[in-house]
Amino acid sequence: MNADALAPSLLCAACGLALAFAPLRMRWTSAALAAVAAIIVLVVSAYGMRQAWIAMIAREVTQVCWFGVVVCAASVYLPAAALRRFAPKIAPLLALGTGLCCGVAVSGQGDGIGLLRALPWLLLSWPAAWLVDRGVAAAVNVVCSWLLAVAVLAATLAWLPVTPGYLPDHLE
C-alpha cells in the first residue's frame, strides 16, 4: 500500500470499528456521510484549488489523520453504558471528521485512487457490529488497540529526526 494512502485507510478502519457500536440506521447514515464528505472534498480540491497548495496541506492533514485514528479507536473504550448512550451522537461526528480528513489527505496525491483504497475500510463496521452483538466486543477492542499503537508510532515518527523505511534517505 502506498504510504500516502495508509493514514486515510487506517482512519477509515478505525472509524468503521467505532461505528460498530452505533445502531444500524446510524451506522448506514454515518458511513454514507463519511463517503460523501470525502468525495466532495476531493472534487472541490480537484477543480477549485492550486495543486501545490493542496499537496502542502495534505502532508499536514496526514498527521491529523493519525490523530483521528487515535480518537476513533479510543472511542470504543468508553464504558458500555456511556457507549450505548453516546454512540448515536458521536458516530456522525466521527464519520464527518473521517471523511473530511480522508478527502484532504487523498487530494494531495493528485488522483482519487487513494480514496478508493481508503473508503472500503468503513465496511469493517458490519462484521465488527456482528461481533459486538454476539458479546465479543473484546475482539474489536483488540483490533482498535493495534490501530492505536500504529497511529501513535506513525505520528511520532514524523517528529523524530530519523528517516522512516518507506521514504528515501540521503544514502540513495
# chains A, B, ... in the order shown; residues from 1 in each chain; ligands from 1
call {"tool": "residues_around", "arguments": {"residues": "Leu96 (chain A)", "least_positions_apart": "3", "cutoff": "8 Å", "atoms": "only C-alpha atoms", "output": "PDB file with N, CA and C atoms, in the first residue's frame"}}
result
ATOM      1  N   SER A  30     -23.901   7.284   8.972  1.00  0.00           N
ATOM      2  CA  SER A  30     -22.560   7.799   9.238  1.00  0.00           C
ATOM      3  C   SER A  30     -21.561   7.371   8.168  1.00  0.00           C
ATOM      4  N   LEU A  33     -22.220   9.454   5.206  1.00  0.00           N
ATOM      5  CA  LEU A  33     -21.750  10.817   5.456  1.00  0.00           C
ATOM      6  C   LEU A  33     -20.240  10.924   5.267  1.00  0.00           C
ATOM      7  N   ALA A  34     -19.503   9.937   5.748  1.00  0.00           N
ATOM      8  CA  ALA A  34     -18.044   9.946   5.577  1.00  0.00           C
ATOM      9  C   ALA A  34     -17.666   9.861   4.100  1.00  0.00           C
ATOM     10  N   ALA A  37     -18.633  13.182   2.282  1.00  0.00           N
ATOM     11  CA  ALA A  37     -17.734  14.280   2.667  1.00  0.00           C
ATOM     12  C   ALA A  37     -16.378  14.130   1.989  1.00  0.00           C
ATOM     13  N   PRO A  92     -21.963  10.309  13.864  1.00  0.00           N
ATOM     14  CA  PRO A  92     -21.892  11.208  12.701  1.00  0.00           C
ATOM     15  C   PRO A  92     -20.707  12.167  12.763  1.00  0.00           C
ATOM     16  N   LEU A  93     -20.324  12.592  13.962  1.00  0.00           N
ATOM     17  CA  LEU A  93     -19.177  13.498  14.089  1.00  0.00           C
ATOM     18  C   LEU A  93     -17.874  12.794  13.726  1.00  0.00           C
ATOM     19  N   GLY A  99     -14.303  11.604   6.952  1.00  0.00           N
ATOM     20  CA  GLY A  99     -14.479  11.932   5.534  1.00  0.00           C
ATOM     21  C   GLY A  99     -13.696  13.163   5.123  1.00  0.00           C
ATOM     22  N   LEU A 100     -13.738  14.196   5.955  1.00  0.00           N
ATOM     23  CA  LEU A 100     -13.001  15.427   5.625  1.00  0.00           C
ATOM     24  C   LEU A 100     -11.500  15.187   5.607  1.00  0.00           C
TER      25      LEU A 100
END
call {"tool": "residues_around", "arguments": {"residues": "region 115-126 of chain A", "least_positions_apart": "6", "cutoff": "7 Å", "atoms": "only C-alpha atoms", "output": "list in words"}}
result
Ala5, Pro8, Ser9, Cys12, Ala13, Cys15, Gly16, Leu17, Leu19, Ala20, Ala31, Ala35 and Val106 of chain A
call {"tool": "write_last_selection", "arguments": {"atoms": "N, CA, C and O atoms", "output": "mmCIF file, in the first residue's frame"}}
result
data_model
loop_
_atom_site.group_PDB
_atom_site.id
_atom_site.type_symbol
_atom_site.label_atom_id
_atom_site.label_comp_id
_atom_site.auth_asym_id
_atom_site.auth_seq_id
_atom_site.Cartn_x
_atom_site.Cartn_y
_atom_site.Cartn_z
ATOM 1 N N ALA A 5 -1.632 6.654 1.250
ATOM 2 C CA ALA A 5 -2.981 6.141 1.491
ATOM 3 C C ALA A 5 -3.087 5.365 2.796
ATOM 4 O O ALA A 5 -4.174 4.941 3.167
ATOM 5 N N PRO A 8 -5.155 7.584 5.671
ATOM 6 C CA PRO A 8 -6.607 7.604 5.432
ATOM 7 C C PRO A 8 -7.251 6.221 5.530
ATOM 8 O O PRO A 8 -8.379 6.085 6.015
ATOM 9 N N SER A 9 -6.554 5.179 5.098
ATOM 10 C CA SER A 9 -7.117 3.829 5.168
ATOM 11 C C SER A 9 -7.289 3.383 6.614
ATOM 12 O O SER A 9 -8.328 2.829 6.985
ATOM 13 N N CYS A 12 -10.180 5.257 8.191
ATOM 14 C CA CYS A 12 -11.479 4.674 7.830
ATOM 15 C C CYS A 12 -11.710 3.359 8.571
ATOM 16 O O CYS A 12 -12.834 3.068 8.988
ATOM 17 N N ALA A 13 -10.671 2.571 8.757
ATOM 18 C CA ALA A 13 -10.814 1.319 9.511
ATOM 19 C C ALA A 13 -11.179 1.607 10.966
ATOM 20 O O ALA A 13 -12.074 0.960 11.525
ATOM 21 N N CYS A 15 -12.616 4.302 12.139
ATOM 22 C CA CYS A 15 -13.973 4.849 12.163
ATOM 23 C C CYS A 15 -15.002 3.733 11.981
ATOM 24 O O CYS A 15 -16.036 3.723 12.654
ATOM 25 N N GLY A 16 -14.730 2.799 11.096
ATOM 26 C CA GLY A 16 -15.635 1.675 10.898
ATOM 27 C C GLY A 16 -15.786 0.839 12.159
ATOM 28 O O GLY A 16 -16.892 0.415 12.507
ATOM 29 N N LEU A 17 -14.690 0.633 12.879
ATOM 30 C CA LEU A 17 -14.776 -0.122 14.128
ATOM 31 C C LEU A 17 -15.524 0.658 15.197
ATOM 32 O O LEU A 17 -16.256 0.075 16.003
ATOM 33 N N LEU A 19 -17.915 2.794 14.574
ATOM 34 C CA LEU A 19 -19.322 2.792 14.163
ATOM 35 C C LEU A 19 -20.026 1.476 14.497
ATOM 36 O O LEU A 19 -21.256 1.419 14.505
ATOM 37 N N ALA A 20 -19.270 0.443 14.797
ATOM 38 C CA ALA A 20 -19.875 -0.849 15.120
ATOM 39 C C ALA A 20 -20.724 -0.782 16.377
ATOM 40 O O ALA A 20 -21.625 -1.605 16.563
ATOM 41 N N ALA A 31 -21.647 6.116 7.729
ATOM 42 C CA ALA A 31 -20.745 5.653 6.672
ATOM 43 C C ALA A 31 -20.988 6.421 5.374
ATOM 44 O O ALA A 31 -20.041 6.814 4.680
ATOM 45 N N ALA A 35 -18.323 8.971 3.369
ATOM 46 C CA ALA A 35 -18.006 8.823 1.947
ATOM 47 C C ALA A 35 -18.354 10.073 1.156
ATOM 48 O O ALA A 35 -17.558 10.542 0.327
ATOM 49 N N VAL A 106 -6.103 12.600 0.659
ATOM 50 C CA VAL A 106 -6.016 11.929 -0.638
ATOM 51 C C VAL A 106 -5.915 12.939 -1.772
ATOM 52 O O VAL A 106 -5.287 12.673 -2.792
#
call {"tool": "residues_around", "arguments": {"residues": "region 82-85 of chain A", "least_positions_apart": "4", "cutoff": "9 Å", "atoms": "only C-alpha atoms", "output": "NGL selection string"}}
result
:A and (21-23 or 75-78 or 89)
call {"tool": "write_last_selection", "arguments": {"atoms": "all heavy atoms", "output": "PDB file, in the first residue's frame"}}
result
ATOM      1  N   PHE A  21     -20.473   0.175  17.232  1.00  0.00           N
ATOM      2  CA  PHE A  21     -21.222   0.293  18.478  1.00  0.00           C
ATOM      3  C   PHE A  21     -22.466   1.165  18.324  1.00  0.00           C
ATOM      4  O   PHE A  21     -23.229   1.312  19.269  1.00  0.00           O
ATOM      5  CB  PHE A  21     -20.315   0.847  19.581  1.00  0.00           C
ATOM      6  CG  PHE A  21     -19.225  -0.117  19.960  1.00  0.00           C
ATOM      7  CD1 PHE A  21     -17.999  -0.074  19.332  1.00  0.00           C
ATOM      8  CD2 PHE A  21     -19.455  -1.079  20.924  1.00  0.00           C
ATOM      9  CE1 PHE A  21     -17.000  -0.968  19.669  1.00  0.00           C
ATOM     10  CE2 PHE A  21     -18.467  -1.979  21.275  1.00  0.00           C
ATOM     11  CZ  PHE A  21     -17.234  -1.934  20.640  1.00  0.00           C
ATOM     12  N   ALA A  22     -22.659   1.749  17.161  1.00  0.00           N
ATOM     13  CA  ALA A  22     -23.839   2.578  16.902  1.00  0.00           C
ATOM     14  C   ALA A  22     -24.982   1.699  16.378  1.00  0.00           C
ATOM     15  O   ALA A  22     -24.743   0.607  15.858  1.00  0.00           O
ATOM     16  CB  ALA A  22     -23.503   3.667  15.883  1.00  0.00           C
ATOM     17  N   PRO A  23     -26.219   2.185  16.485  1.00  0.00           N
ATOM     18  CA  PRO A  23     -27.342   1.428  15.909  1.00  0.00           C
ATOM     19  C   PRO A  23     -27.208   1.310  14.385  1.00  0.00           C
ATOM     20  O   PRO A  23     -26.502   2.099  13.747  1.00  0.00           O
ATOM     21  CB  PRO A  23     -28.565   2.265  16.275  1.00  0.00           C
ATOM     22  CG  PRO A  23     -28.137   3.148  17.392  1.00  0.00           C
ATOM     23  CD  PRO A  23     -26.677   3.352  17.242  1.00  0.00           C
ATOM     24  N   SER A  75     -12.362   5.636  21.134  1.00  0.00           N
ATOM     25  CA  SER A  75     -13.769   5.807  21.486  1.00  0.00           C
ATOM     26  C   SER A  75     -14.451   4.492  21.828  1.00  0.00           C
ATOM     27  O   SER A  75     -15.474   4.486  22.509  1.00  0.00           O
ATOM     28  CB  SER A  75     -14.521   6.513  20.358  1.00  0.00           C
ATOM     29  OG  SER A  75     -14.652   5.666  19.245  1.00  0.00           O
ATOM     30  N   VAL A  76     -13.902   3.369  21.394  1.00  0.00           N
ATOM     31  CA  VAL A  76     -14.524   2.082  21.721  1.00  0.00           C
ATOM     32  C   VAL A  76     -14.250   1.675  23.160  1.00  0.00           C
ATOM     33  O   VAL A  76     -14.846   0.710  23.648  1.00  0.00           O
ATOM     34  CB  VAL A  76     -14.067   0.959  20.763  1.00  0.00           C
ATOM     35  CG1 VAL A  76     -14.369   1.324  19.332  1.00  0.00           C
ATOM     36  CG2 VAL A  76     -12.611   0.639  20.945  1.00  0.00           C
ATOM     37  N   TYR A  77     -13.377   2.366  23.848  1.00  0.00           N
ATOM     38  CA  TYR A  77     -13.045   2.034  25.228  1.00  0.00           C
ATOM     39  C   TYR A  77     -13.897   2.772  26.248  1.00  0.00           C
ATOM     40  O   TYR A  77     -13.655   2.668  27.444  1.00  0.00           O
ATOM     41  CB  TYR A  77     -11.565   2.298  25.502  1.00  0.00           C
ATOM     42  CG  TYR A  77     -10.683   1.332  24.751  1.00  0.00           C
ATOM     43  CD1 TYR A  77      -9.960   1.757  23.648  1.00  0.00           C
ATOM     44  CD2 TYR A  77     -10.611   0.003  25.115  1.00  0.00           C
ATOM     45  CE1 TYR A  77      -9.171   0.868  22.937  1.00  0.00           C
ATOM     46  CE2 TYR A  77      -9.828  -0.883  24.413  1.00  0.00           C
ATOM     47  CZ  TYR A  77      -9.110  -0.444  23.332  1.00  0.00           C
ATOM     48  OH  TYR A  77      -8.347  -1.331  22.630  1.00  0.00           O
ATOM     49  N   LEU A  78     -14.902   3.516  25.792  1.00  0.00           N
ATOM     50  CA  LEU A  78     -15.849   4.120  26.728  1.00  0.00           C
ATOM     51  C   LEU A  78     -16.599   3.006  27.455  1.00  0.00           C
ATOM     52  O   LEU A  78     -16.783   1.917  26.907  1.00  0.00           O
ATOM     53  CB  LEU A  78     -16.837   5.017  25.982  1.00  0.00           C
ATOM     54  CG  LEU A  78     -16.306   6.320  25.401  1.00  0.00           C
ATOM     55  CD1 LEU A  78     -17.365   6.963  24.508  1.00  0.00           C
ATOM     56  CD2 LEU A  78     -15.896   7.262  26.496  1.00  0.00           C
ATOM     57  N   LYS A  89     -24.796   9.804  18.985  1.00  0.00           N
ATOM     58  CA  LYS A  89     -24.475  11.231  18.901  1.00  0.00           C
ATOM     59  C   LYS A  89     -23.087  11.480  18.329  1.00  0.00           C
ATOM     60  O   LYS A  89     -22.880  12.444  17.595  1.00  0.00           O
ATOM     61  CB  LYS A  89     -24.581  11.862  20.286  1.00  0.00           C
ATOM     62  CG  LYS A  89     -25.978  11.816  20.846  1.00  0.00           C
ATOM     63  CD  LYS A  89     -26.020  12.332  22.261  1.00  0.00           C
ATOM     64  CE  LYS A  89     -27.432  12.154  22.810  1.00  0.00           C
ATOM     65  NZ  LYS A  89     -27.507  12.406  24.222  1.00  0.00           N
TER      66      LYS A  89
END
call {"tool": "closest_residue", "arguments": {"among": "A:Thr156, A:Ala137, A:Val150, A:Ala14", "to": "Ala73 (chain A)", "atoms": "only C-alpha atoms"}}
result
A:Ala14
call {"tool": "closest_residue", "arguments": {"among": "A:Leu6, A:Met26, A:Ile39, A:Ala18", "to": "Leu94 (chain A)", "atoms": "only C-alpha atoms"}}
result
A:Ala18
call {"tool": "atom_distance", "arguments": {"atom1": "CA of Val61 (chain A)", "atom2": "CA of Ala91 (chain A)"}}
result
20.8 Å
call {"tool": "closest_residue", "arguments": {"among": "A:Val140, A:Cys101, A:Leu24, A:Val132", "to": "Phe67 (chain A)", "atoms": "only C-alpha atoms"}}
result
A:Cys101
call {"tool": "closest_residue", "arguments": {"among": "A:Ile113, A:Leu160, A:Ala138, A:Ala95", "to": "Gly68 (chain A)", "atoms": "only C-alpha atoms"}}
result
A:Ala95
call {"tool": "atom_distance", "arguments": {"atom1": "CA of Cys65 (chain A)", "atom2": "CA of Cys102 (chain A)"}}
result
7.3 Å
call {"tool": "residues_around", "arguments": {"residues": "Leu148 (chain A)", "least_positions_apart": "2", "cutoff": "8 Å", "atoms": "only C-alpha atoms", "output": "list of chain:residue names"}}
result
A:Val69, A:Val70, A:Ala73, A:Ala74, A:Cys144, A:Ser145, A:Trp146, A:Val150, A:Ala151, A:Val152
call {"tool": "write_last_selection", "arguments": {"atoms": "C-alpha atoms", "output": "mmCIF file, in the first residue's frame"}}
result
data_model
loop_
_atom_site.group_PDB
_atom_site.id
_atom_site.type_symbol
_atom_site.label_atom_id
_atom_site.label_comp_id
_atom_site.auth_asym_id
_atom_site.auth_seq_id
_atom_site.Cartn_x
_atom_site.Cartn_y
_atom_site.Cartn_z
ATOM 1 C CA VAL A 69 -7.203 7.151 14.217
ATOM 2 C CA VAL A 70 -6.374 7.620 17.899
ATOM 3 C CA ALA A 73 -10.006 3.775 18.091
ATOM 4 C CA ALA A 74 -10.041 5.120 21.647
ATOM 5 C CA CYS A 144 -8.538 -0.914 17.999
ATOM 6 C CA SER A 145 -5.595 -1.203 20.365
ATOM 7 C CA TRP A 146 -3.429 -2.306 17.430
ATOM 8 C CA VAL A 150 0.311 2.036 14.862
ATOM 9 C CA ALA A 151 -1.114 5.570 14.850
ATOM 10 C CA VAL A 152 0.934 6.718 17.816
#
call {"tool": "closest_residue", "arguments": {"among": "A:Val36, A:Ala7, A:Gln63, A:Ala46", "to": "Ala158 (chain A)", "atoms": "only C-alpha atoms"}}
result
A:Gln63
call {"tool": "select_by_dssp", "arguments": {"residues": "region 23-167 of chain A", "states": "helix (DSSP H, G or I)", "output": "JSON, numbers by chain"}}
result
{"A": [24, 25, 26, 27, 28, 29, 30, 31, 32, 33, 34, 35, 36, 37, 38, 39, 40, 41, 42, 43, 44, 45, 46, 47, 48, 51, 52, 53, 54, 55, 56, 57, 58, 59, 60, 61, 62, 63, 64, 65, 66, 67, 68, 69, 70, 71, 72, 73, 74, 75, 76, 77, 80, 81, 82, 83, 84, 85, 86, 87, 88, 89, 90, 91, 92, 93, 94, 95, 96, 97, 98, 99, 100, 101, 102, 103, 104, 105, 106, 107, 113, 114, 115, 116, 117, 118, 119, 120, 121, 122, 123, 124, 125, 126, 127, 128, 129, 130, 131, 132, 133, 137, 138, 139, 140, 141, 142, 143, 144, 145, 146, 147, 148, 149, 150, 151, 152, 153, 154, 155, 156, 157]}
